[in-house]
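To start, the structure itself, in structure tokens.
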Amino acid sequence: MVDTTAAAPLLGIRPTSRASQKRAEAIAEELYLPCLMGSETELPDFELLVSNDRLALQPNRFASGPIGIDFTAGRAMHRLKFGGGKRQPLARAIGLASKSVKKNQALSRQNPGVDTHSQGELTVFDATAGFGKDTWVMASLGCRVIAAERCLWLHWMLNDALELARDDDLIADIARRIKAVHHDSRDLKCKDLPWSAADVVYLDPMYPPSQKSAAVKKEMQALHYLLAGQDERASHNSEKKSHTTEPQTDAENAALLQSALGFATQRVVVKRPARALPLVTDAVTPGNQFGNPATTQAAKPVEPDTSIKSVNTRYDIYIVKH
Ligand SMILES: C[S@@+](CC[C@H](N)C(=O)[O-])C[C@H]1O[C@@H](n2cnc3c(N)ncnc32)[C@H](O)[C@@H]1O
């Protein structure tokens with residue numbers, strides 16, 4: 001049970017109507033968070049607004065309207081129409097412009113574990129799905145994508161948005177190429193995953209907080225705040241459910257890259273800010289295959305095989321050699 005006498009929580013659950021009250025209560029119970037009924041004296045920093053077919057995040061802390069995922073409108077649709085197709089940096093980074101599709105056909109024959117899709121489609125495991133924007137772009141380019149997210153409410157938000165998109169004739173085929181899973185991608189050997197390998201693993205872990213906060217989109221601002229929410233205000237939700245996740249540490253990034261390299265058959269693509277160092281250094285951390293045993297040396301970045309740059313973003317590409 002949540003102690004309602006404690007300071008306001010970081011995140012609360014609010015039904016948007018009587019009709020969605022049951023669902024809101026079930027979500028609150030699952031996440032060990034309070035269900036808000038309108039009589040609270042102190043509001044949480046964020047509210048998860050629950051209707052029967054979608055979830056949205058209301059950041060009470062920032063002057064902003066609700067943040068949701070809607071593939072049927074706005075920027076997702078705009079990017080679908082005008083996004084630059086296979087010439088855009090993301091498409092080039094995952095290898096859509098190269099001979100990957102042929103390789104994938106061979107792969108499908110060799111490995112029954114990935115044979116859950118039509119032959120010839122590039123398979124991408126998006127290991128850090130977040131709001132699913134990159135997932136959507138890759139699926140709209142014809143990839144078959146598994147979108148893994150470890151934050152449970154964010155996974156539900158993405159799942160709801162995909163279900164709504166599957167009912168929209170214009171984009172249903174794209175939505176059907178995506179499967180959202182609630183999963184921690186540091187473990188990709190897990191038997192419960194729908195595939196046992198993918199052509200490409202895509203990683204977009206949280207960037208370090210930007211100095212130029214105006215440039216940070218409101219979704220990412222909210223995520224940064226929630227993911228770093230391991231402070232006293234959050235700690236009264238002591239039952240550790242994945243409504244927040246730990247801040248992204250070096251060891252965690254190393255574990256993500258390592259498991260990605262074991263799962264991908266062609267390449268791992270890591271999205272980074274244009275001027276950031278590569279995701280991982282060779283500093284010794286337990287179980288890190290990149291570990292440099294000469295601990296007296298300064299940690300060096302694990303350099304990618306190649307990179308594709310755009311104005312604000314760089315895609316680091318690690319070619320799989322097994
Ligand atoms: C920068 S956001 C991704 C944004 C996403 N590419 C998009 O287009 O919306 C990073 C996400 O990765 C998730 N994440 C971080 N580590 C993870 C892990 N080990 N397994 C699964 N998800 C993870 C975080 O919860 C967060 O939602």
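In the structure tokens, the first chain shown is A, the next is B, and so on; residue numbers restart at 1 for each chain, and ligands run from 1 in the order shown.
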
Next item on the list: Please provide as a VMD selection string all residues within 8 Å of region 310-313 of chain A, with the sequence filter that same-chain residues fewer than 4 positions apart are discarded (counting only C-alpha atoms).
Entry: chain A and resid 89 271 to 274

Checklist line | Protein and nucleic acid residues within 6 Å of ligand 1 (only C-alpha atoms and all ligand atoms) as JSON, numbers by chain | finding: {"A": [127, 128, 129, 130, 131, 132, 133, 134, 148, 149, 150, 151, 183, 184, 185, 186, 204, 205, 206]}

Output C-alpha atoms for every residue in that selection, as a PDB file, in the first residue's frame.
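Once written, part-v5.pdb looks like this:
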```pdb
ATOM      1  CA  ALA A 127      16.408  -1.988 -27.324  1.00  0.00           C
ATOM      2  CA  THR A 128      15.494   1.401 -25.802  1.00  0.00           C
ATOM      3  CA  ALA A 129      12.124   2.201 -27.376  1.00  0.00           C
ATOM      4  CA  GLY A 130      11.063   5.168 -25.205  1.00  0.00           C
ATOM      5  CA  PHE A 131       8.263   7.070 -26.981  1.00  0.00           C
ATOM      6  CA  GLY A 132       8.716   4.886 -30.056  1.00  0.00           C
ATOM      7  CA  LYS A 133       9.621   7.676 -32.480  1.00  0.00           C
ATOM      8  CA  ASP A 134      12.661   5.957 -33.939  1.00  0.00           C
ATOM      9  CA  ALA A 148      11.740  -3.056 -25.999  1.00  0.00           C
ATOM     10  CA  GLU A 149      11.226  -0.658 -23.105  1.00  0.00           C
ATOM     11  CA  ARG A 150      11.935  -1.382 -19.461  1.00  0.00           C
ATOM     12  CA  CYS A 151       9.764   1.353 -17.970  1.00  0.00           C
ATOM     13  CA  HIS A 183      11.956  -5.884 -21.262  1.00  0.00           C
ATOM     14  CA  ASP A 184      15.323  -4.865 -19.858  1.00  0.00           C
ATOM     15  CA  SER A 185      17.606  -5.061 -22.881  1.00  0.00           C
ATOM     16  CA  ARG A 186      20.708  -5.738 -20.829  1.00  0.00           C
ATOM     17  CA  ASP A 204      19.283   5.186 -27.923  1.00  0.00           C
ATOM     18  CA  PRO A 205      19.940   5.373 -24.186  1.00  0.00           C
ATOM     19  CA  MET A 206      19.273   8.621 -22.350  1.00  0.00           C
TER      20      MET A 206
END
```

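Of the listed residues A:Val320, A:Leu257, A:Ile146, A:Ile94, the one whose atoms come nearest to Val302 (chain A) is A:Leu257, with distances taken using only C-alpha atoms.
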